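In what follows, a single structure is set out as structure tokens and then discussed.
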Amino acid sequence: MDDGRTYRRRTMGPIAETQALEHTERWRARALLNRWIFRGMLFSMGSIAVVLHRVLPWKGVAWAFARFSARNLARLCGVRVHVHGLEHLQGPGPYIFAPNHQSNFDIAALLGYLPGQNRFVAKKELFNEPVLGMVLRTMGMIPVDRDNPLEAIDLLNQAAAGGSSLIIFPEGTRSRDGQLLPFKKGPFIAAIHLKLPIVPVVCFGTSAIMPKGGYLSIVPGDVDVFIEPPIATDGLGYDDRNALRDQVRTVIATHLASADKPSA
């Protein structure tokens with residue numbers, strides 16, 4: 001039986017095969033380099049942000065540094081992030097951003113390119129990790145017990161009262177195959193309780209940039225972040241949580257489905 005290399009010789013020709021192999025080797029080398037860039041920046045820039053937050057009286061400096069570092073991470077790894085729909089945001093908020101979650105690179109893209117000072121809502125287990133937990137607490141990220149989301153309402157309310165928008169992944173975890181997972185109810189209960197507009201956000205291309213199980217490998221490419229029009233929650237009650245959840249999920253699913261279609 002012919003192996004893959006023999007098949008390529010017969011169908012591509014020796015020159016094309018050589019070019020394809022060279023491209024594959026460059027891709028692997030860049031992915032390996034990006035893996036070390038990501039790890040190095042995660043710990044070094046995170047540690048610097050912690051120091052800035054503790055030493056300087058202006059706490060916004062640490063946040064600005066983290067945002068700047070997320071953008072630099074994308075540039076150094078050869079990732080181009082394109083943000084669409086900023087015109088849908090009327091004023092600084094606060095909002096609750098509800099993005100889909102395809103890979104770890106979603107966090108860097110949203111941190112670096114969403115407007116305003118935003119606070120991620122993360123599962124509380126992450127705050128137990130020595131370095132990551134320290135960075136999360138320093139940046140004002142909000143721990144949530146996914147089995148008891150109402151427990152974090154006071155923390156969410158404090159962040160919103162300070163003018164910060166909240167970023168909550170409704171799927172609760174990354175999708176393994178890029179397909180949109182069922183949405184949890186917690187983000188929509190919080191949006192109704194806090195009376196904040198909820199903004200569907202579509203992250204597209206991040207699963208190819210940083211696939212799950214790739215040991216923090218990042219592949220150069222393009223990421224698109226689409227900001228959809230905010231959905232008001234004024235006048236909604238607890239019984240409306242499922243309808244709000246389904247409305248947001250439909251917006252994101254429809255956008256993902258249209259983006260996946262090949263152009264004519």
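Every chain in the structure tokens has a letter given in the order shown (A, B, ...), and although residue numbers restart at 1 in each chain, ligands are simply numbered from 1 in the order shown.
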
Please build the interface table for range 98-168 of chain A against range 190-208 of chain A with a cut-off of 10 Å, listing for each qualifying residue the nearest atom pair and the distance in Å to one decimal; count only C-alpha atoms, order rows by chain and increasing number, and write it as a tab-separated table.
```
residue	atom	partner	partner_atom	distance
A:Ala98	CA	A:Pro200	CA	5.0
A:Pro99	CA	A:Val201	CA	4.3
A:Asn100	CA	A:Val202	CA	5.9
A:His101	CA	A:Cys203	CA	7.2
A:Gln102	CA	A:Ser207	CA	5.1
A:Ser103	CA	A:Ser207	CA	5.2
A:Asn104	CA	A:Thr206	CA	8.0
A:Phe105	CA	A:Thr206	CA	6.0
A:Asp106	CA	A:Thr206	CA	6.3
A:Ile107	CA	A:Thr206	CA	9.9
A:Ala109	CA	A:Cys203	CA	8.6
A:Leu110	CA	A:Cys203	CA	8.8
A:Leu114	CA	A:Val201	CA	10.0
A:Pro149	CA	A:Ala190	CA	8.1
A:Leu150	CA	A:Ala190	CA	7.5
A:Ala152	CA	A:Ala190	CA	8.9
A:Ile153	CA	A:Ala190	CA	6.7
A:Asp154	CA	A:Leu194	CA	9.7
A:Leu156	CA	A:Ala190	CA	8.0
A:Asn157	CA	A:Leu194	CA	6.6
A:Ala160	CA	A:Leu194	CA	8.3
A:Ala161	CA	A:Leu194	CA	9.8
A:Ser165	CA	A:Leu196	CA	9.2
A:Leu166	CA	A:Ile198	CA	9.4
A:Ile167	CA	A:Val199	CA	9.5
A:Ile168	CA	A:Ala190	CA	10.0
```

I need the chosen residues saved as a compact mmCIF listing (two decimals), in the first residue's frame, with C-alpha atoms.
```txt
# COMPACT_ATOMS: atom_id res chain seq x y z
CA ALA A 98 -22.20 36.54 26.09
CA PRO A 99 -19.68 35.00 23.65
CA ASN A 100 -19.44 31.49 22.28
CA HIS A 101 -16.34 29.59 23.41
CA GLN A 102 -14.27 27.73 20.81
CA SER A 103 -10.78 27.87 22.32
CA ASN A 104 -8.54 29.48 24.94
CA PHE A 105 -7.69 32.19 22.42
CA ASP A 106 -11.23 33.57 22.85
CA ILE A 107 -10.07 35.00 26.17
CA ALA A 109 -9.15 38.19 21.79
CA LEU A 110 -11.94 39.44 24.05
CA LEU A 114 -13.58 44.36 23.42
CA PRO A 149 -24.65 31.05 40.09
CA LEU A 150 -26.79 33.27 42.33
CA ALA A 152 -21.96 35.54 42.79
CA ILE A 153 -24.72 38.11 42.20
CA ASP A 154 -23.27 40.52 44.79
CA LEU A 156 -21.36 40.89 39.71
CA ASN A 157 -23.39 43.82 41.01
CA ALA A 160 -21.29 46.58 37.24
CA ALA A 161 -21.77 49.41 39.74
CA SER A 165 -18.98 45.13 31.82
CA LEU A 166 -19.06 41.38 32.43
CA ILE A 167 -17.94 38.62 30.06
CA ILE A 168 -19.68 35.30 30.68
```

Find the residues of range 127-243 of chain A that sit at most 6 Å from range 79-84 of chain A; for each, write down the nearest two atoms and how far apart they are in Å, to one decimal. Count only C-alpha atoms. Sort by chain, then by number going up, and give it as JSON lines.
```
{"residue": "A:Pro220", "atom": "CA", "partner": "A:Val79", "partner_atom": "CA", "distance": 5.0}
{"residue": "A:Gly221", "atom": "CA", "partner": "A:Val79", "partner_atom": "CA", "distance": 5.0}
{"residue": "A:Asp222", "atom": "CA", "partner": "A:Arg80", "partner_atom": "CA", "distance": 4.8}
{"residue": "A:Val223", "atom": "CA", "partner": "A:Val81", "partner_atom": "CA", "distance": 4.8}
{"residue": "A:Asp224", "atom": "CA", "partner": "A:His82", "partner_atom": "CA", "distance": 4.8}
{"residue": "A:Val225", "atom": "CA", "partner": "A:Val83", "partner_atom": "CA", "distance": 4.8}
{"residue": "A:Phe226", "atom": "CA", "partner": "A:His84", "partner_atom": "CA", "distance": 4.8}
```

Store the residues picked out above, limited to C-alpha atoms, as a tab-separated table (two decimals), in the first residue's frame.
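Full text of out-v2.tsv as output:
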```tsv
chain	number	residue	atom	x	y	z
A	220	PRO	CA	-1.10	32.14	12.77
A	221	GLY	CA	-4.30	33.23	11.09
A	222	ASP	CA	-7.38	35.44	11.36
A	223	VAL	CA	-9.97	35.72	14.14
A	224	ASP	CA	-13.24	37.60	13.77
A	225	VAL	CA	-15.22	38.93	16.73
A	226	PHE	CA	-18.78	40.00	15.87
```

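Among the candidates A:Pro182, A:Arg35, A:Ile48, A:Phe188, the one nearest to Met210 in chain A when counting only C-alpha atoms is A:Arg35.
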
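Neighbouring residues of Phe65 in chain A at 9 Å or closer, counting only C-alpha atoms and skipping chain neighbours under 2 positions away, are A:Met45, A:Ile48, A:Ala49, A:Leu52, A:Gly60, A:Val61, A:Ala62, A:Trp63, A:Arg67, A:Phe68, A:Ser69, A:Ala70.
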
Save out the residues we just selected, C-alpha atoms, as a compact mmCIF listing (two decimals), in the first residue's frame.
```
# COMPACT_ATOMS: atom_id res chain seq x y z
CA MET A 45 2.91 39.66 31.77
CA ILE A 48 3.91 42.28 35.92
CA ALA A 49 0.18 43.14 36.03
CA LEU A 52 1.50 47.10 38.90
CA GLY A 60 -6.62 51.07 35.85
CA VAL A 61 -2.96 50.89 34.84
CA ALA A 62 -2.83 47.13 35.48
CA TRP A 63 -5.95 46.61 33.38
CA ARG A 67 -5.23 44.66 27.49
CA PHE A 68 -2.04 45.86 25.78
CA SER A 69 -0.35 42.50 26.50
CA ALA A 70 -3.27 40.54 25.00
```

Test item, helix (DSSP H, G or I) assignment across range 15-262 of chain A, answer as a ChimeraX atom specification
/A:15-55,60-76,86-88,105-113,124-128,130-138,149-161,186-194,206-209,238-260
